[in-house]
Structure formats: C-alpha cells, structure tokens
Amino acid sequence: MNMQKSSVFGGKRRVRISSQSLKRTMRKSDYYKQHLGEASIRTKKLGDLKDQIVESLTDRYKSDLVLKAMTVIAGKDFKAEVAVEGDAVAPWVTAEVAWYCEQINKYGDDEKKLAKELKNETVAMRTALASGVDIALSGRMATSGLMSELGKIDGALAVAHAITTHAVDADIDWFTAVDDLQELGSGHLDTQEFSSGVFYRYASLNLRQLQENLGNATREKALEIAAHVLHMLATEVPSAKQQSFAAHNLADVAMVSFSDLPVSLVNAFEKPVKMENNGGFLKPSIDLLHEYWTSVHNGYGLDEICCEFALGPVTQPKGINKADNLNVLKEWIKKDGKE
C-alpha cells in the first residue's frame with residue numbers, strides 16, 4: 001500500500017518498525033550468517049522444502065529416510081508425495097531433520113514408539129538445533145507431529161516494535177517512472193508515505209532460556225550470542241524501500257543492562273519529545289532516556305549492571321558504565337558485565 005506502519009503512543013502518532021521485520025532483518029543479514037551460521041528456513045510449503053533438505057543430506061541418508069523423518073516431525077502438515085502447505089509458517093533446520101533420521105535408525109519409524117522413546121531427549125534434540133540459533137532466540141510452536149510434542153520452544157529473545165520518540169506526521173511523495181521511449185509525460189505515477197525520526201528500539205534476552213534452548217549450553221556461549229544480537233540491533237535495518245531512501249542509519253546510543261528484571265524504557269517518550277531550540281530530536285531523546293533510566297533504577301532499586309556506547313559527547317548517568325565503541329561493549333557482554 002506504500003504506507004508506513006504507525007502506532008499511537010502518548011496520544012500521538014508515531015512511525016513504527018515492526019518487530020517481525022526487525023527479527024527477519026537480523027537473521028537474514030550477512031553478519032548473522034558470518035557469526036551464527038545459516039538461519040532456519042521458515043515456510044508452510046513443506047512439500048516444496050523436501051527436495052532442498054533431501055539434497056543437503058544426500059551424502060548421509062537415503063531420501064526415503066529423510067522424507068520419513070520430515071513426516072514424523074510435522075505429522076499431518078507434511079506429505080512426502082505432494083507439495084502441501086502446513087497450518088502455519090514454521091522454522092526448519094536441516095540438522096534437526098538429520099537428528100530425527102538417526103533416531104529412526106535407532107528406534108524405528110513408528111511414530112508412537114518414537115514419541116515414547118524421545119520424550120526425554122529434548123536436550124539432545126535442542127543440541128541439534130544449535131545450528132539454528134534464530135529458533136532458540138525466537139522460539140517455535142507447532143500443531144502436529146513430533147514437533148508439537150518435542151519441538152516446542154519458548155523464545156529467549158523478545159523484540160519490541162521500534163517507535164519514534166516524537167510525534168510524526170508522514171509526508172506523501174508522488175513519484176514517476178520515466179519511460180525513455182515515451183516523448184511526453186511519465187510511464188508510471190504513484191504515491192508513497194515517508195518520514196524521518198529518532199527511533200527507540202528495545203529487546204530483552206533471557207540468557208537462561210537461551211542456554212536451555214541450545215541444549216543446556218554454557219553461559220559463555222549464550223553471552224557470545226548476546227553480543228552478536230547487540231551488534232545486529234545496533235547496525236541492521238530493514239531492506240524495504242532502501243533503493244529509494246538509503247536509510248542505512250546506525251544506532252547513536254546502545255545501552256545494555258544485565259538484570260533479573262527486563263525493563264523497557266519506552267515510557268521515557270510517552271510524552272513526545274520536543275525539538276530542542278537549535279533543532280533536532282536526538283539529544284533531547286538521549287537526555288530523556290537517561291533521566292527515565294535513573295528514575296526506574298532508583299525507584300525500583302534494581303539490581304542491574306549497565307554499560308553504554310554512544311556516538312558523540314554524551315554524559316552517562318551515575319550507574320551506567322561507558323564503552324568507547326561498539327566492540328568494547330560487545331566484549332563487556334562476553335565478560336558477563338565484568339571489567
């Protein structure tokens with residue numbers, strides 16, 4: 001529809017970037033592939049997916065075994081002989097299918113017997129899922145097959161919709177496509193919404209849940225993944241309309257908190273930020289973020305350790321450590337918030 005997503009917060013319209021868009025951007029990024037491996041394949045077209053998985057496992061398992069494994073995993077959502085659609089989009093990881101192939105070789109292909117034998121094997125199954133970190137982060141639900149019994153995963157990462165710290169009235173751009181072979185006028189005319197703004201992006205990561213989702217991985221492994229999540233939250237932006245707007249903007253401030261209680265600071269902007277006298281929403285947004293953090297931290301007596309990286313001259317409130325750059329902040333995370 002060429003319209004921006006928006007929300008009303010504090011009684012004023014804000015431009016919004018959906019959490020689904022942000023998470024997909026992260027798992028499809030080159031950074032994710034380089035540091036966390038291949039992301040899961042999310043689809044309900046399971047019949048179309050079968051050839052891809054069979055081919056990737058052809059050097060290890062016969063095709064009929066792979067197809068049987070996919071059948072017992074997905075149940076009624078999958079039929080090997082036809083390109084059916086499941087009830088909902090679900091994430092698939094080749095390593096998980098390979099694990100089920102091993103279990104069928106071990107216990108046979110009777111689904112009831114498999115379910116009984118594997119009911120206590122969730123740790124091993126999740127270890128096989130370690131190559132699909134995005135499932136451990138975002139979770140998974142299923143409605144049929146062994147996936148519904150063994151494969152349900154509570155997501156460790158919660159990502160909020162990013163909204164502008166201030167009110168926004170979108171502009172309308174009318175645009176044309178020039179037809180080089182047309183002497184007068186344009187070959188196409190349309191409109192689209194656009195605007196600019198300072199966005200607050202928030203996410204919380206349950207480290208213990210992440211460890212469990214990865215088959216009881218070490219805290220060190222979870223902290224390493226957390227550092228990569230921070231990097232993507234600070235640097236990755238959705239690709240939509242980028243050929244037209246080139247909005248490749250990096251975060252000006254990145255704050256990390258280790259705490260037993262996840263706390264969003266979005267209420268700092270419930271009253272829309274006002275532009276400062278010499279223009280701009282960035283500095284007053286940072287000031288309000290710090291002011292609200294101090295209020296919440298002191299008001300609730302939070303037991304937390306915080307560190308922040310900021311571009312430009314920013315004075316951190318008492319209780320927030322300063323990182324000179326993003327890599328320093330990532331190392332701080334990997335060290336569990338210890339100097």
# chains A, B, ... in the order shown; residues from 1 in each chain; ligands from 1

$ residues_around --residues "segment 28-39 of chain A" --least-positions-apart "2" --cutoff "10 Å" --atoms "only C-alpha atoms" --output "PyMOL selection string"
chain A and resi 23-26+41-42+91-94+130-135+224-225+228-229+231-232+235-238

$ residues_around --residues "segment 299-314 of chain A" --least-positions-apart "4" --cutoff "12 Å" --atoms "only C-alpha atoms" --output "VMD selection string"
chain A and resid 230 to 231 234 250 to 263 282 to 287 289 to 295 318 to 333 336 to 339

$ atom_distance --atom1 "atom CA of Leu118 of chain A" --atom2 "atom CA of Val66 of chain A"
17.7 Å

$ residues_around --residues "Ile104 of chain A" --least-positions-apart "3" --cutoff "10 Å" --atoms "only C-alpha atoms" --output "list in words"
Leu65, Val66, Lys68, Ala69, Val72, Ala98, Trp99, Tyr100, Cys101, Tyr107, Gly108, Asp109, Asp110, Glu111 and Leu114 of chain A

$ atom_distance --atom1 "atom CA of Val54 of chain A" --atom2 "atom CA of Glu117 of chain A"
24.7 Å

$ select_by_dssp --residues "segment 6-206 of chain A" --states "strand (DSSP E)" --output "ChimeraX atom specification"
/A:6-9,12-17,41-43,90-92,157-159,162-164,171-177,188-194,199-200,203-205

$ atom_distance --atom1 "atom CA of Lys152 of chain A" --atom2 "atom CA of Thr71 of chain A"
16.7 Å

$ closest_atom_pairs --of "segment 208-263 of chain A" --to "segment 188-192 of chain A" --cutoff "12 Å" --atoms "only C-alpha atoms" --output "CSV"
residue,atom,partner,partner_atom,distance
A:Lys241,CA,A:Gln192,CA,10.2
A:Ser244,CA,A:Gln192,CA,10.9
A:Phe245,CA,A:Gln192,CA,11.8

$ residues_around --residues "segment 5-12 of chain A" --least-positions-apart "3" --cutoff "6 Å" --atoms "only C-alpha atoms" --output "list in words"
Val15, Arg16, Ala167, Glu270 and Lys271 of chain A

$ select_by_dssp --residues "segment 113-212 of chain A" --states "helix (DSSP H, G or I)" --output "MDAnalysis selection string"
chainID A and resid 113:118 122:131 133:138 145:150 207:212

$ write_last_selection --atoms "N, CA and C atoms" --output "tab-separated table (two decimals), in the first residue's frame"
chain	number	residue	atom	x	y	z
A	113	LYS	N	5.92	-45.03	19.06
A	113	LYS	CA	7.10	-45.55	19.75
A	113	LYS	C	8.19	-44.49	19.80
A	114	LEU	N	8.36	-43.77	18.70
A	114	LEU	CA	9.35	-42.70	18.68
A	114	LEU	C	9.06	-41.65	19.74
A	115	ALA	N	7.79	-41.25	19.81
A	115	ALA	CA	7.40	-40.23	20.78
A	115	ALA	C	7.71	-40.69	22.19
A	116	LYS	N	7.46	-41.97	22.48
A	116	LYS	CA	7.74	-42.52	23.80
A	116	LYS	C	9.22	-42.55	24.09
A	117	GLU	N	10.02	-42.98	23.09
A	117	GLU	CA	11.45	-43.12	23.30
A	117	GLU	C	12.14	-41.76	23.40
A	118	LEU	N	11.58	-40.77	22.71
A	118	LEU	CA	12.28	-39.49	22.62
A	118	LEU	C	11.76	-38.42	23.59
A	122	THR	N	14.82	-34.18	24.80
A	122	THR	CA	14.71	-32.79	24.33
A	122	THR	C	16.04	-32.07	24.35
A	123	VAL	N	16.89	-32.39	25.31
A	123	VAL	CA	18.21	-31.74	25.38
A	123	VAL	C	19.03	-32.09	24.15
A	124	ALA	N	19.03	-33.38	23.78
A	124	ALA	CA	19.77	-33.81	22.59
A	124	ALA	C	19.20	-33.17	21.33
A	125	MET	N	17.87	-33.10	21.26
A	125	MET	CA	17.24	-32.50	20.09
A	125	MET	C	17.61	-31.03	19.98
A	126	ARG	N	17.60	-30.32	21.11
A	126	ARG	CA	17.93	-28.90	21.08
A	126	ARG	C	19.41	-28.68	20.80
A	127	THR	N	20.23	-29.61	21.18
A	127	THR	CA	21.64	-29.52	20.82
A	127	THR	C	21.78	-29.58	19.30
A	128	ALA	N	20.98	-30.42	18.67
A	128	ALA	CA	20.98	-30.50	17.21
A	128	ALA	C	20.48	-29.20	16.60
A	129	LEU	N	19.63	-28.47	17.34
A	129	LEU	CA	19.09	-27.21	16.86
A	129	LEU	C	20.08	-26.05	17.01
A	130	ALA	N	21.23	-26.32	17.61
A	130	ALA	CA	22.18	-25.23	17.88
A	130	ALA	C	22.62	-24.53	16.59
A	131	SER	N	22.50	-25.23	15.46
A	131	SER	CA	22.85	-24.58	14.19
A	131	SER	C	21.74	-23.67	13.70
A	133	VAL	N	20.24	-20.97	15.46
A	133	VAL	CA	20.20	-20.11	16.64
A	133	VAL	C	18.95	-19.24	16.66
A	134	ASP	N	18.45	-18.87	15.47
A	134	ASP	CA	17.28	-17.99	15.45
A	134	ASP	C	16.06	-18.66	16.06
A	135	ILE	N	15.97	-20.01	16.00
A	135	ILE	CA	14.86	-20.71	16.64
A	135	ILE	C	15.02	-20.64	18.15
A	136	ALA	N	16.25	-20.81	18.62
A	136	ALA	CA	16.50	-20.68	20.06
A	136	ALA	C	16.18	-19.27	20.54
A	137	LEU	N	16.40	-18.29	19.70
A	137	LEU	CA	16.12	-16.91	20.07
A	137	LEU	C	14.63	-16.59	19.99
A	138	SER	N	14.00	-16.93	18.89
A	138	SER	CA	12.62	-16.51	18.65
A	138	SER	C	11.58	-17.54	19.07
A	145	GLY	N	2.37	-33.66	14.71
A	145	GLY	CA	3.61	-34.41	14.59
A	145	GLY	C	4.45	-34.33	15.86
A	146	LEU	N	5.62	-34.94	15.79
A	146	LEU	CA	6.51	-34.93	16.95
A	146	LEU	C	6.99	-33.52	17.27
A	147	MET	N	6.97	-32.63	16.28
A	147	MET	CA	7.38	-31.26	16.54
A	147	MET	C	6.48	-30.63	17.60
A	148	SER	N	5.19	-30.98	17.59
A	148	SER	CA	4.27	-30.40	18.57
A	148	SER	C	4.52	-30.96	19.96
A	149	GLU	N	5.08	-32.19	20.05
A	149	GLU	CA	5.34	-32.81	21.35
A	149	GLU	C	6.73	-32.51	21.86
A	150	LEU	N	7.70	-32.53	20.97
A	150	LEU	CA	9.10	-32.38	21.40
A	150	LEU	C	9.72	-31.06	20.97
A	207	LEU	N	18.91	-15.12	29.15
A	207	LEU	CA	20.11	-15.93	28.94
A	207	LEU	C	19.89	-17.38	29.37
A	208	ARG	N	19.21	-17.59	30.48
A	208	ARG	CA	18.96	-18.97	30.94
A	208	ARG	C	18.09	-19.72	29.94
A	209	GLN	N	17.07	-19.05	29.40
A	209	GLN	CA	16.21	-19.70	28.41
A	209	GLN	C	17.00	-20.02	27.15
A	210	LEU	N	17.91	-19.13	26.76
A	210	LEU	CA	18.74	-19.35	25.58
A	210	LEU	C	19.63	-20.57	25.80
A	211	GLN	N	20.21	-20.69	26.99
A	211	GLN	CA	21.04	-21.85	27.29
A	211	GLN	C	20.22	-23.14	27.18
A	212	GLU	N	19.02	-23.12	27.74
A	212	GLU	CA	18.15	-24.31	27.67
A	212	GLU	C	17.77	-24.63	26.23

$ closest_atom_pairs --of "segment 84-183 of chain A" --to "segment 195-200 of chain A" --cutoff "8 Å" --atoms "only C-alpha atoms" --output "tab-separated table"
residue	atom	partner	partner_atom	distance
A:Ala162	CA	A:Tyr200	CA	5.5
A:Ile163	CA	A:Phe199	CA	5.3
A:Thr164	CA	A:Phe199	CA	4.2
A:Thr165	CA	A:Phe199	CA	5.8
A:His166	CA	A:Val198	CA	7.4
A:Val168	CA	A:Gly197	CA	7.4
A:Asp169	CA	A:Ser195	CA	7.5
A:Ala170	CA	A:Ser195	CA	5.1
A:Asp171	CA	A:Ser195	CA	6.0

$ decode --residues "segment 25-72 of chain A" --atoms "N, CA and C atoms" --output "PDB file, in the first residue's frame"
ATOM      1  N   THR A  25      15.171  -9.180   9.506  1.00  0.00           N
ATOM      2  CA  THR A  25      16.353  -8.467   9.010  1.00  0.00           C
ATOM      3  C   THR A  25      17.615  -8.992   9.673  1.00  0.00           C
ATOM      4  N   MET A  26      17.538  -9.248  10.967  1.00  0.00           N
ATOM      5  CA  MET A  26      18.700  -9.747  11.695  1.00  0.00           C
ATOM      6  C   MET A  26      19.099 -11.140  11.224  1.00  0.00           C
ATOM      7  N   ARG A  27      18.127 -12.056  11.138  1.00  0.00           N
ATOM      8  CA  ARG A  27      18.510 -13.431  10.813  1.00  0.00           C
ATOM      9  C   ARG A  27      18.866 -13.612   9.337  1.00  0.00           C
ATOM     10  N   LYS A  28      18.464 -12.662   8.488  1.00  0.00           N
ATOM     11  CA  LYS A  28      18.825 -12.739   7.080  1.00  0.00           C
ATOM     12  C   LYS A  28      20.067 -11.915   6.746  1.00  0.00           C
ATOM     13  N   SER A  29      20.690 -11.322   7.741  1.00  0.00           N
ATOM     14  CA  SER A  29      21.829 -10.436   7.497  1.00  0.00           C
ATOM     15  C   SER A  29      23.106 -11.229   7.233  1.00  0.00           C
ATOM     16  N   ASP A  30      24.033 -10.585   6.554  1.00  0.00           N
ATOM     17  CA  ASP A  30      25.346 -11.197   6.325  1.00  0.00           C
ATOM     18  C   ASP A  30      26.072 -11.400   7.652  1.00  0.00           C
ATOM     19  N   TYR A  31      25.857 -10.484   8.592  1.00  0.00           N
ATOM     20  CA  TYR A  31      26.513 -10.610   9.902  1.00  0.00           C
ATOM     21  C   TYR A  31      26.045 -11.888  10.598  1.00  0.00           C
ATOM     22  N   TYR A  32      24.742 -12.149  10.573  1.00  0.00           N
ATOM     23  CA  TYR A  32      24.227 -13.368  11.194  1.00  0.00           C
ATOM     24  C   TYR A  32      24.881 -14.596  10.558  1.00  0.00           C
ATOM     25  N   LYS A  33      24.913 -14.630   9.239  1.00  0.00           N
ATOM     26  CA  LYS A  33      25.471 -15.788   8.543  1.00  0.00           C
ATOM     27  C   LYS A  33      26.938 -15.981   8.896  1.00  0.00           C
ATOM     28  N   GLN A  34      27.667 -14.888   9.013  1.00  0.00           N
ATOM     29  CA  GLN A  34      29.107 -14.965   9.291  1.00  0.00           C
ATOM     30  C   GLN A  34      29.380 -15.446  10.708  1.00  0.00           C
ATOM     31  N   HIS A  35      28.584 -14.996  11.671  1.00  0.00           N
ATOM     32  CA  HIS A  35      28.892 -15.259  13.078  1.00  0.00           C
ATOM     33  C   HIS A  35      28.005 -16.315  13.731  1.00  0.00           C
ATOM     34  N   LEU A  36      26.819 -16.557  13.204  1.00  0.00           N
ATOM     35  CA  LEU A  36      25.903 -17.513  13.821  1.00  0.00           C
ATOM     36  C   LEU A  36      25.494 -18.649  12.898  1.00  0.00           C
ATOM     37  N   GLY A  37      25.922 -18.600  11.634  1.00  0.00           N
ATOM     38  CA  GLY A  37      25.631 -19.683  10.705  1.00  0.00           C
ATOM     39  C   GLY A  37      24.379 -19.436   9.885  1.00  0.00           C
ATOM     40  N   GLU A  38      23.909 -20.491   9.238  1.00  0.00           N
ATOM     41  CA  GLU A  38      22.720 -20.384   8.403  1.00  0.00           C
ATOM     42  C   GLU A  38      21.470 -20.274   9.274  1.00  0.00           C
ATOM     43  N   ALA A  39      20.598 -19.350   8.922  1.00  0.00           N
ATOM     44  CA  ALA A  39      19.340 -19.226   9.640  1.00  0.00           C
ATOM     45  C   ALA A  39      18.387 -20.337   9.220  1.00  0.00           C
ATOM     46  N   SER A  40      17.364 -20.561  10.026  1.00  0.00           N
ATOM     47  CA  SER A  40      16.357 -21.567   9.686  1.00  0.00           C
ATOM     48  C   SER A  40      15.598 -21.158   8.429  1.00  0.00           C
ATOM     49  N   ILE A  41      14.961 -22.136   7.813  1.00  0.00           N
ATOM     50  CA  ILE A  41      14.073 -21.874   6.683  1.00  0.00           C
ATOM     51  C   ILE A  41      12.656 -21.855   7.222  1.00  0.00           C
ATOM     52  N   ARG A  42      11.963 -20.751   7.052  1.00  0.00           N
ATOM     53  CA  ARG A  42      10.610 -20.614   7.597  1.00  0.00           C
ATOM     54  C   ARG A  42       9.598 -20.695   6.456  1.00  0.00           C
ATOM     55  N   THR A  43       8.775 -21.701   6.523  1.00  0.00           N
ATOM     56  CA  THR A  43       7.816 -21.900   5.443  1.00  0.00           C
ATOM     57  C   THR A  43       6.674 -22.797   5.901  1.00  0.00           C
ATOM     58  N   LYS A  44       5.545 -22.693   5.215  1.00  0.00           N
ATOM     59  CA  LYS A  44       4.484 -23.685   5.381  1.00  0.00           C
ATOM     60  C   LYS A  44       4.383 -24.566   4.136  1.00  0.00           C
ATOM     61  N   LYS A  45       5.213 -24.277   3.127  1.00  0.00           N
ATOM     62  CA  LYS A  45       5.240 -25.081   1.904  1.00  0.00           C
ATOM     63  C   LYS A  45       6.229 -26.232   2.097  1.00  0.00           C
ATOM     64  N   LEU A  46       5.838 -27.168   2.954  1.00  0.00           N
ATOM     65  CA  LEU A  46       6.759 -28.232   3.342  1.00  0.00           C
ATOM     66  C   LEU A  46       7.075 -29.162   2.184  1.00  0.00           C
ATOM     67  N   GLY A  47       6.110 -29.354   1.303  1.00  0.00           N
ATOM     68  CA  GLY A  47       6.367 -30.205   0.150  1.00  0.00           C
ATOM     69  C   GLY A  47       7.444 -29.630  -0.743  1.00  0.00           C
ATOM     70  N   ASP A  48       7.459 -28.302  -0.882  1.00  0.00           N
ATOM     71  CA  ASP A  48       8.483 -27.652  -1.699  1.00  0.00           C
ATOM     72  C   ASP A  48       9.844 -27.699  -1.024  1.00  0.00           C
ATOM     73  N   LEU A  49       9.836 -27.761   0.301  1.00  0.00           N
ATOM     74  CA  LEU A  49      11.092 -27.749   1.047  1.00  0.00           C
ATOM     75  C   LEU A  49      11.799 -29.102   1.021  1.00  0.00           C
ATOM     76  N   LYS A  50      11.039 -30.164   0.790  1.00  0.00           N
ATOM     77  CA  LYS A  50      11.598 -31.505   0.945  1.00  0.00           C
ATOM     78  C   LYS A  50      12.793 -31.751   0.038  1.00  0.00           C
ATOM     79  N   ASP A  51      12.740 -31.285  -1.210  1.00  0.00           N
ATOM     80  CA  ASP A  51      13.837 -31.538  -2.142  1.00  0.00           C
ATOM     81  C   ASP A  51      15.127 -30.881  -1.659  1.00  0.00           C
ATOM     82  N   GLN A  52      15.002 -29.691  -1.097  1.00  0.00           N
ATOM     83  CA  GLN A  52      16.174 -28.972  -0.608  1.00  0.00           C
ATOM     84  C   GLN A  52      16.833 -29.712   0.553  1.00  0.00           C
ATOM     85  N   ILE A  53      16.025 -30.223   1.479  1.00  0.00           N
ATOM     86  CA  ILE A  53      16.585 -30.925   2.628  1.00  0.00           C
ATOM     87  C   ILE A  53      17.132 -32.284   2.215  1.00  0.00           C
ATOM     88  N   VAL A  54      16.415 -32.990   1.335  1.00  0.00           N
ATOM     89  CA  VAL A  54      16.910 -34.281   0.844  1.00  0.00           C
ATOM     90  C   VAL A  54      18.266 -34.117   0.178  1.00  0.00           C
ATOM     91  N   GLU A  55      18.411 -33.095  -0.647  1.00  0.00           N
ATOM     92  CA  GLU A  55      19.677 -32.867  -1.337  1.00  0.00           C
ATOM     93  C   GLU A  55      20.802 -32.541  -0.361  1.00  0.00           C
ATOM     94  N   SER A  56      20.498 -31.740   0.672  1.00  0.00           N
ATOM     95  CA  SER A  56      21.539 -31.357   1.618  1.00  0.00           C
ATOM     96  C   SER A  56      22.006 -32.534   2.476  1.00  0.00           C
ATOM     97  N   LEU A  57      21.176 -33.579   2.597  1.00  0.00           N
ATOM     98  CA  LEU A  57      21.537 -34.739   3.416  1.00  0.00           C
ATOM     99  C   LEU A  57      21.828 -35.976   2.586  1.00  0.00           C
ATOM    100  N   THR A  58      21.942 -35.804   1.272  1.00  0.00           N
ATOM    101  CA  THR A  58      22.074 -36.954   0.374  1.00  0.00           C
ATOM    102  C   THR A  58      23.339 -37.768   0.630  1.00  0.00           C
ATOM    103  N   ASP A  59      24.376 -37.149   1.158  1.00  0.00           N
ATOM    104  CA  ASP A  59      25.618 -37.887   1.411  1.00  0.00           C
ATOM    105  C   ASP A  59      25.588 -38.633   2.739  1.00  0.00           C
ATOM    106  N   ARG A  60      24.524 -38.465   3.503  1.00  0.00           N
ATOM    107  CA  ARG A  60      24.443 -39.100   4.829  1.00  0.00           C
ATOM    108  C   ARG A  60      23.268 -40.070   4.951  1.00  0.00           C
ATOM    109  N   TYR A  61      22.158 -39.753   4.286  1.00  0.00           N
ATOM    110  CA  TYR A  61      20.959 -40.568   4.446  1.00  0.00           C
ATOM    111  C   TYR A  61      20.249 -40.746   3.107  1.00  0.00           C
ATOM    112  N   LYS A  62      19.578 -41.888   2.966  1.00  0.00           N
ATOM    113  CA  LYS A  62      18.775 -42.120   1.778  1.00  0.00           C
ATOM    114  C   LYS A  62      17.559 -41.203   1.798  1.00  0.00           C
ATOM    115  N   SER A  63      17.067 -40.871   0.616  1.00  0.00           N
ATOM    116  CA  SER A  63      15.973 -39.909   0.504  1.00  0.00           C
ATOM    117  C   SER A  63      14.713 -40.374   1.220  1.00  0.00           C
ATOM    118  N   ASP A  64      14.415 -41.691   1.166  1.00  0.00           N
ATOM    119  CA  ASP A  64      13.188 -42.161   1.820  1.00  0.00           C
ATOM    120  C   ASP A  64      13.267 -41.999   3.331  1.00  0.00           C
ATOM    121  N   LEU A  65      14.480 -42.113   3.900  1.00  0.00           N
ATOM    122  CA  LEU A  65      14.651 -41.909   5.340  1.00  0.00           C
ATOM    123  C   LEU A  65      14.448 -40.443   5.699  1.00  0.00           C
ATOM    124  N   VAL A  66      14.988 -39.544   4.892  1.00  0.00           N
ATOM    125  CA  VAL A  66      14.828 -38.116   5.145  1.00  0.00           C
ATOM    126  C   VAL A  66      13.356 -37.723   5.063  1.00  0.00           C
ATOM    127  N   LEU A  67      12.664 -38.226   4.057  1.00  0.00           N
ATOM    128  CA  LEU A  67      11.242 -37.926   3.903  1.00  0.00           C
ATOM    129  C   LEU A  67      10.431 -38.481   5.069  1.00  0.00           C
ATOM    130  N   LYS A  68      10.805 -39.675   5.550  1.00  0.00           N
ATOM    131  CA  LYS A  68      10.114 -40.247   6.701  1.00  0.00           C
ATOM    132  C   LYS A  68      10.341 -39.384   7.934  1.00  0.00           C
ATOM    133  N   ALA A  69      11.567 -38.901   8.096  1.00  0.00           N
ATOM    134  CA  ALA A  69      11.872 -38.044   9.247  1.00  0.00           C
ATOM    135  C   ALA A  69      11.040 -36.774   9.203  1.00  0.00           C
ATOM    136  N   MET A  70      10.919 -36.172   8.029  1.00  0.00           N
ATOM    137  CA  MET A  70      10.114 -34.966   7.905  1.00  0.00           C
ATOM    138  C   MET A  70       8.645 -35.256   8.180  1.00  0.00           C
ATOM    139  N   THR A  71       8.197 -36.455   7.804  1.00  0.00           N
ATOM    140  CA  THR A  71       6.799 -36.826   8.019  1.00  0.00           C
ATOM    141  C   THR A  71       6.495 -36.961   9.509  1.00  0.00           C
ATOM    142  N   VAL A  72       7.379 -37.641  10.255  1.00  0.00           N
ATOM    143  CA  VAL A  72       7.108 -37.831  11.681  1.00  0.00           C
ATOM    144  C   VAL A  72       7.286 -36.528  12.453  1.00  0.00           C
TER     145      VAL A  72
END
